[in-house]
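Undergrad: For reference, the file data-v3.txt (compact mmCIF, C-alpha atoms) is included below:
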# COMPACT_ATOMS: atom_id res chain seq x y z
CA MET S 1 -84.67 -38.55 -128.83
CA THR S 2 -82.37 -41.56 -129.08
CA LEU S 3 -82.92 -44.76 -127.08
CA LYS S 4 -79.75 -46.26 -125.68
CA VAL S 5 -79.34 -50.04 -125.74
CA ALA S 6 -76.77 -51.91 -123.63
CA LEU S 7 -75.87 -55.45 -124.66
CA LEU S 8 -74.57 -57.93 -122.07
CA GLY S 9 -72.81 -60.84 -123.74
CA CYS S 10 -71.53 -61.35 -127.27
CA GLY S 11 -71.84 -65.04 -128.03
CA ASN S 12 -73.67 -66.61 -130.94
CA VAL S 13 -76.93 -64.77 -130.30
CA GLY S 14 -75.43 -61.58 -128.86
CA SER S 15 -73.22 -61.01 -131.89
CA GLN S 16 -76.26 -61.35 -134.17
CA VAL S 17 -78.21 -58.83 -132.08
CA ALA S 18 -75.30 -56.39 -132.26
CA ARG S 19 -75.11 -56.86 -136.03
CA ILE S 20 -78.83 -56.10 -136.45
CA LEU S 21 -78.64 -53.00 -134.24
CA LEU S 22 -75.71 -51.65 -136.23
CA ASP S 23 -76.46 -52.75 -139.80
CA GLU S 24 -80.21 -52.18 -139.75
CA SER S 25 -80.27 -49.01 -137.66
CA GLU S 26 -82.09 -46.87 -140.25
CA GLU S 27 -84.83 -49.43 -140.85
CA LEU S 28 -85.29 -49.98 -137.11
CA ALA S 29 -85.57 -46.22 -136.55
CA ALA S 30 -88.25 -46.02 -139.23
CA ARG S 31 -90.25 -48.81 -137.59
CA ILE S 32 -89.93 -47.41 -134.07
CA GLY S 33 -90.01 -43.67 -134.72
CA VAL S 34 -86.73 -42.95 -132.92
CA PRO S 35 -83.15 -44.21 -133.38
CA LEU S 36 -81.64 -47.01 -131.30
CA GLU S 37 -78.03 -46.56 -130.23
CA LEU S 38 -75.95 -49.57 -129.20
CA THR S 39 -73.90 -47.90 -126.48
CA GLY S 40 -71.70 -50.87 -125.63
CA ILE S 41 -71.25 -54.61 -125.28
CA ALA S 42 -70.24 -56.00 -121.89
CA VAL S 43 -67.94 -59.04 -122.06
CA ARG S 44 -65.49 -60.77 -119.75
CA ASN S 45 -62.51 -60.25 -122.06
CA VAL S 46 -62.50 -57.47 -124.64
CA ASP S 47 -59.53 -59.03 -126.46
CA ALA S 48 -61.06 -62.48 -126.97
CA PRO S 49 -61.40 -63.51 -130.66
CA ARG S 50 -64.93 -63.09 -132.01
CA GLU S 51 -66.71 -63.67 -135.27
CA GLY S 52 -67.93 -60.65 -137.21
CA ASN S 53 -66.55 -57.18 -137.54
CA LEU S 54 -68.03 -55.44 -134.53
CA PRO S 55 -66.27 -52.19 -133.60
CA ARG S 56 -63.59 -52.76 -130.97
CA GLU S 57 -64.56 -49.57 -129.10
CA LEU S 58 -67.99 -50.98 -128.22
CA PHE S 59 -66.59 -53.67 -125.94
CA THR S 60 -66.20 -53.13 -122.21
CA THR S 61 -65.84 -55.12 -119.02
CA ASP S 62 -67.78 -52.52 -117.00
CA ALA S 63 -71.32 -53.91 -117.27
CA GLU S 64 -72.61 -51.79 -114.37
CA ALA S 65 -71.66 -48.48 -116.01
CA LEU S 66 -73.18 -49.65 -119.29
CA ILE S 67 -76.46 -50.51 -117.55
CA ASP S 68 -76.61 -47.21 -115.69
CA GLY S 69 -76.63 -45.28 -118.96
CA ALA S 70 -79.14 -47.43 -120.84
CA ASP S 71 -82.86 -47.22 -121.60
CA VAL S 72 -83.02 -50.89 -122.64
CA VAL S 73 -80.70 -53.68 -121.48
CA VAL S 74 -80.36 -56.88 -123.52
CA GLU S 75 -78.95 -59.73 -121.40
CA LEU S 76 -77.53 -62.67 -123.38
CA MET S 77 -74.77 -63.77 -121.01
CA GLY S 78 -76.56 -66.86 -119.73
CA GLY S 79 -76.17 -68.47 -116.33
CA LEU S 80 -77.55 -67.39 -112.97
CA GLU S 81 -74.78 -64.95 -112.03
CA PRO S 82 -73.69 -62.28 -112.69
CA ALA S 83 -76.66 -62.10 -115.06
CA GLY S 84 -79.22 -62.08 -112.24
CA THR S 85 -77.58 -59.26 -110.33
CA LEU S 86 -77.12 -57.18 -113.50
CA ILE S 87 -80.75 -57.61 -114.54
CA GLN S 88 -81.88 -56.59 -111.06
CA ARG S 89 -79.71 -53.47 -111.28
CA ALA S 90 -81.31 -52.50 -114.59
CA LEU S 91 -84.91 -53.12 -113.52
CA ARG S 92 -84.57 -51.31 -110.19
CA ARG S 93 -83.35 -48.16 -111.92
CA GLY S 94 -86.21 -48.32 -114.44
CA ALA S 95 -84.39 -49.70 -117.49
CA SER S 96 -86.42 -52.39 -119.24
CA VAL S 97 -84.74 -55.73 -119.91
CA VAL S 98 -84.85 -58.23 -122.75
CA THR S 99 -83.35 -61.63 -121.97
CA GLY S 100 -83.15 -65.14 -123.37
CA ASN S 101 -81.91 -66.62 -120.09
CA LYS S 102 -84.41 -69.42 -119.46
CA ALA S 103 -82.46 -70.96 -116.58
CA LEU S 104 -82.40 -67.68 -114.66
CA LEU S 105 -86.05 -66.93 -115.38
CA ALA S 106 -87.18 -70.39 -114.29
CA ALA S 107 -85.25 -70.03 -111.03
CA ARG S 108 -86.03 -66.38 -110.15
CA LEU S 109 -89.03 -65.18 -112.15
CA PRO S 110 -91.05 -63.91 -109.14
CA GLU S 111 -88.08 -61.90 -107.87
CA LEU S 112 -87.34 -60.41 -111.29
CA THR S 113 -90.95 -59.53 -112.10
CA GLY S 114 -91.24 -57.92 -108.67
CA SER S 115 -88.22 -55.74 -109.44
CA ALA S 116 -89.78 -54.81 -112.78
CA ARG S 117 -92.97 -53.70 -111.03
CA ASP S 118 -91.05 -51.73 -108.41
CA GLY S 119 -88.93 -50.00 -111.03
CA GLY S 120 -91.78 -49.35 -113.47
CA ALA S 121 -89.88 -51.35 -116.08
CA GLU S 122 -90.65 -54.22 -118.44
CA LEU S 123 -89.08 -57.69 -118.46
CA LEU S 124 -89.49 -59.46 -121.82
CA TYR S 125 -88.14 -62.90 -122.68
CA GLU S 126 -89.59 -64.13 -125.97
CA ALA S 127 -86.26 -65.74 -126.92
CA ALA S 128 -86.19 -67.87 -123.75
CA VAL S 129 -88.82 -70.39 -124.82
CA ALA S 130 -88.81 -71.35 -128.49
CA GLY S 131 -86.14 -69.46 -130.40
CA ALA S 132 -87.63 -67.51 -133.28
CA ILE S 133 -91.21 -68.62 -132.61
CA PRO S 134 -93.32 -65.68 -131.35
CA ILE S 135 -95.29 -67.49 -128.65
CA LEU S 136 -94.96 -65.46 -125.44
CA ARG S 137 -96.16 -62.19 -126.97
CA PRO S 138 -99.34 -63.78 -128.41
CA ILE S 139 -100.06 -65.39 -125.03
CA ARG S 140 -99.32 -62.17 -123.15
CA GLU S 141 -101.16 -59.82 -125.53
CA SER S 142 -103.27 -61.46 -128.27
CA LEU S 143 -104.88 -64.01 -125.93
CA ALA S 144 -105.05 -61.72 -122.89
CA GLY S 145 -108.84 -61.53 -123.19
CA ASP S 146 -109.28 -65.29 -123.58
CA HIS S 147 -109.14 -68.22 -121.15
CA ILE S 148 -106.29 -70.57 -122.00
CA THR S 149 -106.97 -74.13 -120.91
CA LYS S 150 -103.91 -75.98 -122.17
CA VAL S 151 -100.49 -75.39 -123.68
CA LEU S 152 -98.39 -78.20 -125.06
CA GLY S 153 -95.33 -78.01 -127.20
CA ILE S 154 -92.09 -79.31 -128.58
CA VAL S 155 -89.67 -76.77 -127.11
CA ASN S 156 -86.32 -78.55 -127.38
CA GLY S 157 -84.86 -79.03 -130.84
CA THR S 158 -82.20 -81.53 -129.78
CA THR S 159 -84.65 -84.09 -128.44
CA ASN S 160 -87.01 -83.59 -131.37
CA PHE S 161 -84.13 -84.21 -133.80
CA ILE S 162 -83.25 -87.44 -131.95
CA LEU S 163 -86.80 -88.79 -131.73
CA ASP S 164 -87.57 -87.83 -135.32
CA ALA S 165 -84.48 -89.67 -136.60
CA MET S 166 -85.37 -92.74 -134.52
CA ASP S 167 -88.84 -92.68 -136.03
CA THR S 168 -87.76 -92.00 -139.62
CA HIS S 169 -84.73 -94.27 -139.84
CA GLY S 170 -85.22 -96.80 -137.04
CA SER S 171 -81.97 -95.62 -135.44
CA GLN S 172 -80.82 -96.31 -131.90
CA PHE S 173 -80.80 -93.47 -129.36
CA ASP S 174 -77.02 -93.42 -128.83
CA ASP S 175 -76.30 -93.34 -132.55
CA VAL S 176 -78.63 -90.40 -133.20
CA LEU S 177 -77.31 -88.51 -130.18
CA ALA S 178 -73.78 -88.82 -131.57
CA GLU S 179 -75.01 -87.50 -134.92
CA ALA S 180 -76.79 -84.59 -133.19
CA GLN S 181 -73.53 -83.70 -131.42
CA ARG S 182 -71.61 -83.87 -134.72
CA LEU S 183 -74.11 -81.50 -136.37
CA GLY S 184 -74.04 -79.07 -133.44
CA TYR S 185 -77.63 -79.74 -132.32
CA ALA S 186 -76.45 -81.27 -129.03
CA GLU S 187 -73.78 -80.16 -126.58
CA ALA S 188 -70.81 -82.34 -125.62
CA ASP S 189 -72.71 -82.86 -122.35
CA PRO S 190 -76.30 -83.25 -123.59
CA THR S 191 -77.86 -83.83 -120.16
CA ALA S 192 -79.86 -80.60 -120.04
CA ASP S 193 -81.57 -81.55 -123.29
CA VAL S 194 -82.03 -85.33 -123.15
CA ALA S 195 -82.94 -85.35 -119.43
CA GLY S 196 -85.67 -82.78 -120.09
CA HIS S 197 -84.25 -79.96 -117.93
CA ASP S 198 -84.16 -77.41 -120.76
CA ALA S 199 -87.77 -78.16 -121.70
CA ALA S 200 -88.82 -78.01 -118.03
CA ALA S 201 -87.46 -74.47 -117.65
CA LYS S 202 -89.39 -73.43 -120.75
CA ALA S 203 -92.54 -75.19 -119.52
CA ALA S 204 -92.40 -73.17 -116.29
CA LEU S 205 -92.22 -69.92 -118.28
CA LEU S 206 -95.05 -70.91 -120.64
CA ALA S 207 -97.27 -71.92 -117.73
CA SER S 208 -96.53 -68.72 -115.82
CA LEU S 209 -97.68 -66.54 -118.71
CA ALA S 210 -100.57 -68.70 -119.89
CA PHE S 211 -102.14 -69.01 -116.43
CA HIS S 212 -101.21 -65.60 -114.97
CA THR S 213 -99.32 -67.01 -112.02
CA THR S 214 -95.75 -68.00 -111.22
CA PHE S 215 -94.37 -71.51 -111.63
CA ASN S 216 -90.77 -72.55 -111.12
CA LEU S 217 -88.79 -75.71 -111.81
CA GLU S 218 -89.97 -77.29 -108.56
CA ASN S 219 -93.52 -77.24 -109.94
CA VAL S 220 -92.60 -79.10 -113.15
CA HIS S 221 -92.61 -82.89 -113.33
CA CYS S 222 -89.66 -83.75 -115.58
CA GLU S 223 -88.73 -86.91 -117.50
CA GLY S 224 -86.29 -87.08 -120.40
CA ILE S 225 -85.92 -89.35 -123.40
CA THR S 226 -82.95 -91.48 -122.33
CA GLU S 227 -85.16 -94.50 -121.66
CA ILE S 228 -86.89 -94.38 -125.05
CA SER S 229 -85.73 -97.31 -127.19
CA ALA S 230 -85.94 -98.10 -130.88
CA ASP S 231 -88.52 -100.75 -129.92
CA ASP S 232 -90.68 -98.07 -128.27
CA VAL S 233 -90.53 -95.94 -131.41
CA ALA S 234 -91.28 -98.91 -133.67
CA GLY S 235 -94.21 -99.94 -131.47
CA ALA S 236 -95.60 -96.41 -131.70
CA ALA S 237 -95.31 -96.50 -135.49
CA GLU S 238 -97.21 -99.80 -135.64
CA SER S 239 -100.09 -98.07 -133.89
CA GLY S 240 -100.01 -95.00 -136.16
CA MET S 241 -98.33 -92.88 -133.48
CA VAL S 242 -95.09 -91.04 -132.86
CA ILE S 243 -93.16 -90.23 -129.68
CA LYS S 244 -92.36 -86.58 -128.88
CA LEU S 245 -90.91 -84.91 -125.79
CA LEU S 246 -93.71 -82.53 -124.81
CA ALA S 247 -93.93 -79.67 -122.36
CA ILE S 248 -97.52 -79.62 -121.11
CA ALA S 249 -99.32 -77.12 -118.88
CA GLU S 250 -103.07 -77.46 -118.34
CA ARG S 251 -105.87 -76.45 -116.07
CA THR S 252 -107.19 -79.43 -114.15
CA THR S 253 -108.78 -80.39 -110.84
CA ASP S 254 -107.49 -82.59 -108.06
CA ALA S 255 -109.32 -85.57 -106.58
CA GLU S 256 -111.35 -83.22 -104.34
CA GLY S 257 -112.41 -81.03 -107.26
CA ASN S 258 -110.08 -78.10 -106.49
CA GLU S 259 -108.82 -76.31 -109.60
CA GLY S 260 -105.15 -75.87 -110.34
CA VAL S 261 -102.55 -76.16 -113.06
CA ASN S 262 -100.39 -79.19 -113.78
CA VAL S 263 -97.04 -78.60 -115.52
CA ARG S 264 -95.02 -81.52 -116.81
CA VAL S 265 -92.39 -82.62 -119.34
CA HIS S 266 -92.16 -86.21 -120.54
CA PRO S 267 -92.06 -88.41 -123.64
CA THR S 268 -95.54 -88.61 -125.11
CA LEU S 269 -97.28 -90.69 -127.74
CA LEU S 270 -99.21 -88.66 -130.30
CA SER S 271 -101.42 -89.77 -133.15
CA ARG S 272 -99.76 -88.98 -136.48
CA GLU S 273 -102.83 -86.88 -137.23
CA HIS S 274 -102.00 -84.45 -134.41
CA PRO S 275 -100.37 -81.23 -135.71
CA LEU S 276 -97.38 -81.64 -133.38
CA ALA S 277 -96.64 -85.09 -134.80
CA ALA S 278 -95.52 -83.49 -138.07
CA VAL S 279 -92.84 -81.31 -136.43
CA ARG S 280 -89.57 -82.68 -137.80
CA GLY S 281 -85.86 -82.32 -137.14
CA ALA S 282 -84.72 -79.61 -134.74
CA PHE S 283 -87.85 -77.47 -135.21
CA ASN S 284 -90.08 -76.39 -132.33
CA ALA S 285 -93.84 -75.90 -132.11
CA VAL S 286 -96.29 -74.83 -129.42
CA PHE S 287 -99.98 -75.80 -129.46
CA VAL S 288 -102.41 -73.64 -127.48
CA GLU S 289 -106.02 -74.43 -126.57
CA ALA S 290 -108.23 -71.51 -125.49
CA GLU S 291 -111.94 -71.31 -124.77
CA ASN S 292 -112.76 -68.76 -127.47
CA ALA S 293 -109.85 -68.89 -129.93
CA GLY S 294 -109.92 -72.67 -130.03
CA GLU S 295 -106.76 -74.47 -131.16
CA LEU S 296 -103.70 -72.50 -132.30
CA MET S 297 -100.23 -73.69 -133.29
CA PHE S 298 -96.97 -71.73 -133.53
CA TYR S 299 -94.13 -73.35 -135.49
CA GLY S 300 -90.59 -72.46 -136.47
CA GLN S 301 -86.86 -72.56 -135.79
CA GLY S 302 -86.24 -73.29 -132.14
CA ALA S 303 -82.58 -72.34 -131.88
CA GLY S 304 -79.63 -70.75 -133.66
CA GLY S 305 -78.04 -67.32 -133.52
CA ALA S 306 -80.05 -65.51 -136.18
CA PRO S 307 -83.48 -67.03 -135.35
CA THR S 308 -83.07 -66.36 -131.63
CA ALA S 309 -81.79 -62.84 -132.34
CA SER S 310 -85.02 -62.26 -134.27
CA ALA S 311 -87.02 -62.99 -131.11
CA VAL S 312 -84.75 -60.74 -129.05
CA MET S 313 -85.13 -57.86 -131.50
CA GLY S 314 -88.90 -58.30 -131.51
CA ASP S 315 -88.88 -57.58 -127.78
CA VAL S 316 -86.44 -54.67 -128.21
CA VAL S 317 -88.63 -53.03 -130.87
CA SER S 318 -91.77 -53.58 -128.76
CA LEU S 319 -90.14 -51.88 -125.77
CA ALA S 320 -88.69 -49.07 -127.86
CA ARG S 321 -92.05 -48.24 -129.42
CA GLY S 322 -93.59 -47.89 -125.97
CA LEU S 323 -90.75 -45.71 -124.73
CA SER S 324 -90.80 -43.51 -127.84
CA ALA S 325 -94.53 -42.98 -127.37
CA GLY S 326 -93.92 -41.90 -123.78
CA ALA S 327 -95.63 -44.94 -122.33
CA GLY S 328 -92.58 -46.05 -120.35
CA GLY S 329 -92.56 -49.42 -118.70
CA GLY S 330 -95.77 -50.53 -117.12
CA GLY S 331 -94.18 -53.32 -115.13
CA GLU S 332 -95.41 -56.88 -114.85
CA ALA S 333 -98.96 -57.51 -113.70
CA GLN S 334 -99.39 -59.05 -110.28
CA PRO S 335 -99.69 -62.85 -110.61
CA ARG S 336 -102.91 -64.53 -109.57
CA PRO S 337 -102.65 -67.26 -106.95
CA THR S 338 -103.16 -70.59 -108.74
CA ARG S 339 -102.30 -73.95 -107.23
CA ALA S 340 -99.58 -76.03 -108.84
CA LEU S 341 -100.89 -79.60 -108.94
CA GLY S 342 -98.57 -82.60 -109.00
CA ILE S 343 -98.54 -84.98 -111.94
CA GLU S 344 -100.52 -87.50 -109.90
CA GLU S 345 -103.52 -85.18 -110.28
CA SER S 346 -103.28 -85.03 -114.08
CA THR S 347 -105.56 -86.94 -116.41
CA THR S 348 -103.78 -88.88 -119.11
CA ARG S 349 -103.57 -92.21 -120.93
CA TYR S 350 -100.84 -94.84 -120.74
CA SER S 351 -99.20 -97.10 -123.29
CA ILE S 352 -97.82 -100.07 -121.32
CA SER S 353 -95.58 -102.76 -122.82
CA LEU S 354 -95.01 -106.01 -120.88
CA GLU S 355 -92.97 -109.15 -121.36
CA VAL S 356 -94.86 -112.06 -119.76
CA THR S 357 -94.82 -115.83 -119.52
CA ASP S 358 -97.19 -117.25 -122.13
CA GLU S 359 -99.57 -119.32 -120.04
CA THR S 360 -103.27 -119.62 -119.39
CA GLY S 361 -104.85 -116.94 -117.21
CA VAL S 362 -102.19 -114.24 -117.61
CA LEU S 363 -104.45 -111.84 -119.49
CA ALA S 364 -107.28 -112.34 -117.02
CA GLU S 365 -104.97 -111.68 -114.07
CA ILE S 366 -103.64 -108.47 -115.62
CA ALA S 367 -107.12 -107.33 -116.65
CA GLY S 368 -108.25 -107.83 -113.06
CA ILE S 369 -105.59 -105.40 -111.82
CA PHE S 370 -106.71 -102.78 -114.34
CA ALA S 371 -110.29 -103.22 -113.14
CA ARG S 372 -109.41 -102.93 -109.44
CA HIS S 373 -107.79 -99.55 -110.07
CA GLY S 374 -110.67 -98.32 -112.20
CA VAL S 375 -108.53 -98.16 -115.36
CA SER S 376 -110.20 -99.03 -118.64
CA ILE S 377 -108.29 -100.68 -121.51
CA GLU S 378 -108.76 -99.12 -124.94
CA THR S 379 -106.62 -101.51 -127.03
CA MET S 380 -104.43 -104.56 -126.47
CA ARG S 381 -101.91 -106.19 -128.80
CA GLN S 382 -100.20 -109.54 -128.17
CA THR S 383 -97.13 -111.08 -129.83
CA VAL S 384 -96.11 -114.63 -128.84
CA THR S 385 -92.59 -116.06 -129.19
CA ALA S 386 -90.94 -119.28 -128.05
CA ASP S 387 -87.41 -120.29 -127.09
CA GLU S 388 -85.68 -123.07 -125.14
CA ASN S 389 -87.13 -121.65 -121.91
CA GLY S 390 -90.71 -121.89 -123.09
CA GLY S 391 -93.29 -119.46 -124.44
CA HIS S 392 -93.22 -115.71 -123.95
CA ALA S 393 -95.63 -112.98 -124.92
CA ARG S 394 -95.26 -109.28 -125.45
CA LEU S 395 -98.39 -107.39 -124.43
CA ARG S 396 -99.04 -103.77 -125.27
CA PHE S 397 -101.98 -101.97 -123.69
CA ILE S 398 -103.26 -98.47 -124.36
CA THR S 399 -105.65 -97.25 -121.69
CA HIS S 400 -108.56 -94.87 -121.77
CA SER S 401 -108.11 -91.58 -119.94
CA GLY S 402 -107.59 -91.87 -116.22
CA ARG S 403 -106.03 -90.07 -113.30
CA GLU S 404 -102.26 -90.42 -113.25
CA ALA S 405 -102.24 -91.78 -109.70
CA ALA S 406 -104.54 -94.68 -110.67
CA LEU S 407 -102.55 -95.47 -113.80
CA ALA S 408 -99.22 -95.44 -111.95
CA SER S 409 -100.50 -97.69 -109.16
CA THR S 410 -101.85 -100.09 -111.80
CA VAL S 411 -98.41 -100.43 -113.38
CA ALA S 412 -96.77 -100.83 -109.96
CA GLU S 413 -99.06 -103.77 -109.09
CA ILE S 414 -98.65 -105.40 -112.52
CA GLU S 415 -94.86 -105.31 -112.07
CA GLN S 416 -95.20 -107.53 -108.97
CA LEU S 417 -96.97 -110.38 -110.78
CA PRO S 418 -94.79 -113.54 -110.99
CA VAL S 419 -95.80 -114.05 -114.63
CA VAL S 420 -94.58 -110.57 -115.62
CA GLU S 421 -90.94 -110.80 -116.68
CA THR S 422 -90.56 -107.06 -117.19
CA VAL S 423 -92.51 -103.88 -117.79
CA SER S 424 -90.44 -102.78 -120.76
CA SER S 425 -92.07 -99.43 -121.43
CA VAL S 426 -94.58 -96.95 -120.00
CA VAL S 427 -95.27 -93.89 -122.14
CA ARG S 428 -98.08 -91.39 -121.68
CA VAL S 429 -100.49 -90.79 -124.56
CA GLU S 430 -101.83 -87.36 -125.50
CA GLY S 431 -104.97 -86.65 -127.50
CA LYS S 432 -108.14 -88.56 -128.14
When written as structure tokens, how does the structure in this file appear?
TA:
Amino acid sequence: MTLKVALLGCGNVGSQVARILLDESEELAARIGVPLELTGIAVRNVDAPREGNLPRELFTTDAEALIDGADVVVELMGGLEPAGTLIQRALRRGASVVTGNKALLAARLPELTGSARDGGAELLYEAAVAGAIPILRPIRESLAGDHITKVLGIVNGTTNFILDAMDTHGSQFDDVLAEAQRLGYAEADPTADVAGHDAAAKAALLASLAFHTTFNLENVHCEGITEISADDVAGAAESGMVIKLLAIAERTTDAEGNEGVNVRVHPTLLSREHPLAAVRGAFNAVFVEAENAGELMFYGQGAGGAPTASAVMGDVVSLARGLSAGAGGGGEAQPRPTRALGIEESTTRYSISLEVTDETGVLAEIAGIFARHGVSIETMRQTVTADENGGHARLRFITHSGREAALASTVAEIEQLPVVETVSSVVRVEGK
């Protein structure tokens, strides 16, 4: 018995997957129990220059024929189409699929998992969330008997590189972004990363697996890091904290006590004692809280051809072992209906920085607004300066935990005060 593998796409990750399948074929066969045969690589142009020495005869433009003869299809083309149609073709005919296509999964996960169930196939996508970090398989399998309450993680290496450099060197956002682009951590158009869209797609996938339901991008509140300034980062450091772009999914209840799951991506203040605060450079990490297992953290390379290929091959080997044992594809389990709650229903803390006129009664007036909205102040720091226009003060509040809706309405009312020159920063705080 030989299991046939079709590869769709031969970019940075695809070429590494092809190399592993060809160069490590004997070792893979020993681990699985049967050989894997790379039957072909579907590309748009077979004559395009490519790195590596992959056999020319493997390349084809006929992706459909390649899929129809495969036991396992590895999709690394990216984009919504034709990748979506090709994956559907594979799943409907019973061929299991491994993909790293987070954008497609975030947009069409219910449709694709339904096709997997109908075709008796598997759809695995470990590489879609955190590069080489094995996080989806532990959630899907190792924690299947537990009750996950919260998942939070750094799942975008570009933004972590930027924020880490701002924290370590006091650099400005634009300068670090340019450096990230020079090093290849950021694309020429970095919008998907710095606006949080990449992390939001990954958050939807993490939440879907962790809470046994289906979330898409519409269910994810998304904020990027473009408004984070060097002053914000310095202020965090003064308080023993660091700013990270976090993807967060957690069980919570709305104002009426109805349970649901809130999924969000936004800049977040963390105590330097939190495990995620120590994640440096372009690395990723995911922190999981479960009722019985407690706190778990998964850490490693979040991107790159070889690390991501490692995650892809982990899924390929897992599928191949099942097929070689005659188990076939069991299909995805039916999702459980779980409400997606908006960010206004989440419970969080705020760090609020204000520039105000330095005059008597300002603090009392602001404190009164906090009180009216039921928001408790944990700490307050004041810095007074003077210029030719009179005295000014910078106030920085960190609140106790409160419902997002109350915190947001507090800030909105404070902004309207005549003595408030500007609300310079509002950043959520995670942890105790």
Undergrad: Within 10 Å of (-91.4, -115.0, -128.5), only C-alpha atoms: residues as an MDAnalysis selection string?
TA: chainID S and resid 355:358 383:387 390:394
Undergrad: What's the 12 Å shell around Glu141 (chain S), counting only C-alpha atoms, without same-chain residues fewer than 6 positions away, as a list in words?
TA: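 Using only C-alpha atoms, the neighbours found are Pro134, Ile135, Leu209, Ala210 and Ser318 of chain S.
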Undergrad: Print the selection's residues with C-alpha atoms to a file, as a PDB file, keeping the file's coordinate frame.
TA:
ATOM      1  CA  PRO S 134     -93.320 -65.680-131.350  1.00  0.00           C
ATOM      2  CA  ILE S 135     -95.290 -67.490-128.650  1.00  0.00           C
ATOM      3  CA  LEU S 209     -97.680 -66.540-118.710  1.00  0.00           C
ATOM      4  CA  ALA S 210    -100.570 -68.700-119.890  1.00  0.00           C
ATOM      5  CA  SER S 318     -91.770 -53.580-128.760  1.00  0.00           C
TER       6      SER S 318
END
Undergrad: Quick one: everything within 7 Å of His221 (chain S), counting only C-alpha atoms, minus sequence neighbours fewer than 3 positions away in the same chain. Send it as a PyMOL selection string.
TA: chain S and resi 263-265+343
Undergrad: Take the residues from that selection and write them out as an mmCIF file, in the frame of the given file, keeping C-alpha atoms.
TA:
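selection.cif, written as the output of this step:
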data_model
loop_
_atom_site.group_PDB
_atom_site.id
_atom_site.type_symbol
_atom_site.label_atom_id
_atom_site.label_comp_id
_atom_site.auth_asym_id
_atom_site.auth_seq_id
_atom_site.Cartn_x
_atom_site.Cartn_y
_atom_site.Cartn_z
ATOM 1 C CA VAL S 263 -97.040 -78.600 -115.520
ATOM 2 C CA ARG S 264 -95.020 -81.520 -116.810
ATOM 3 C CA VAL S 265 -92.390 -82.620 -119.340
ATOM 4 C CA ILE S 343 -98.540 -84.980 -111.940
#
Undergrad: So how many Å separate CA of Thr214 (chain S) and CA of Gly114 (chain S), to one decimal?
TA: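 Distance between the two atoms: 11.3 Å.
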Undergrad: Neighbours of region 172-189 of chain S within 12 Å (only C-alpha atoms; same-chain residues fewer than 4 positions away dropped), as an mmCIF file with C-alpha atoms, in the frame of the given file?
TA:
data_model
loop_
_atom_site.group_PDB
_atom_site.id
_atom_site.type_symbol
_atom_site.label_atom_id
_atom_site.label_comp_id
_atom_site.auth_asym_id
_atom_site.auth_seq_id
_atom_site.Cartn_x
_atom_site.Cartn_y
_atom_site.Cartn_z
ATOM 1 C CA ASN S 156 -86.320 -78.550 -127.380
ATOM 2 C CA GLY S 157 -84.860 -79.030 -130.840
ATOM 3 C CA THR S 158 -82.200 -81.530 -129.780
ATOM 4 C CA THR S 159 -84.650 -84.090 -128.440
ATOM 5 C CA ASN S 160 -87.010 -83.590 -131.370
ATOM 6 C CA PHE S 161 -84.130 -84.210 -133.800
ATOM 7 C CA ILE S 162 -83.250 -87.440 -131.950
ATOM 8 C CA LEU S 163 -86.800 -88.790 -131.730
ATOM 9 C CA ASP S 164 -87.570 -87.830 -135.320
ATOM 10 C CA ALA S 165 -84.480 -89.670 -136.600
ATOM 11 C CA MET S 166 -85.370 -92.740 -134.520
ATOM 12 C CA ASP S 167 -88.840 -92.680 -136.030
ATOM 13 C CA THR S 168 -87.760 -92.000 -139.620
ATOM 14 C CA ASP S 193 -81.570 -81.550 -123.290
ATOM 15 C CA VAL S 194 -82.030 -85.330 -123.150
ATOM 16 C CA ALA S 195 -82.940 -85.350 -119.430
ATOM 17 C CA ASP S 198 -84.160 -77.410 -120.760
ATOM 18 C CA ILE S 225 -85.920 -89.350 -123.400
ATOM 19 C CA THR S 226 -82.950 -91.480 -122.330
ATOM 20 C CA GLU S 227 -85.160 -94.500 -121.660
ATOM 21 C CA ILE S 228 -86.890 -94.380 -125.050
ATOM 22 C CA SER S 229 -85.730 -97.310 -127.190
ATOM 23 C CA ALA S 230 -85.940 -98.100 -130.880
ATOM 24 C CA ASP S 231 -88.520 -100.750 -129.920
ATOM 25 C CA ASP S 232 -90.680 -98.070 -128.270
ATOM 26 C CA VAL S 233 -90.530 -95.940 -131.410
ATOM 27 C CA ALA S 234 -91.280 -98.910 -133.670
ATOM 28 C CA GLY S 281 -85.860 -82.320 -137.140
ATOM 29 C CA ALA S 282 -84.720 -79.610 -134.740
ATOM 30 C CA PHE S 283 -87.850 -77.470 -135.210
ATOM 31 C CA GLY S 302 -86.240 -73.290 -132.140
ATOM 32 C CA ALA S 303 -82.580 -72.340 -131.880
ATOM 33 C CA GLY S 304 -79.630 -70.750 -133.660
#
Undergrad: Between CA of Val419 (chain S) and CA of Glu359 (chain S), what is the distance in Å, rounded to a tenth?
TA: 8.4 Å
Undergrad: In Å to one decimal, how far is CA of Val74 (chain S) from CA of Thr61 (chain S)?
TA: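 CA of Val74 (chain S) lies at a distance of 15.3 Å from CA of Thr61 (chain S).
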Undergrad: Which one is closest to Ala340 (chain S): S:Leu354, S:Leu217, S:Ala371, S:Val98? Count all atoms listed in the file.
TA: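 Closest to Ala340 (chain S) of all the choices is S:Leu217.
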Undergrad: Write out as JSON, numbers by chain which residues come within 12 Å of Ile20 (chain S) when counting all atoms listed in the file, dropping same-chain ones fewer than 2 positions away.
TA: {"S": [13, 14, 15, 16, 17, 18, 22, 23, 24, 25, 26, 27, 28, 29, 36, 37, 38, 52, 54, 305, 306, 307, 309, 310, 311, 312, 313, 314, 316, 317]}
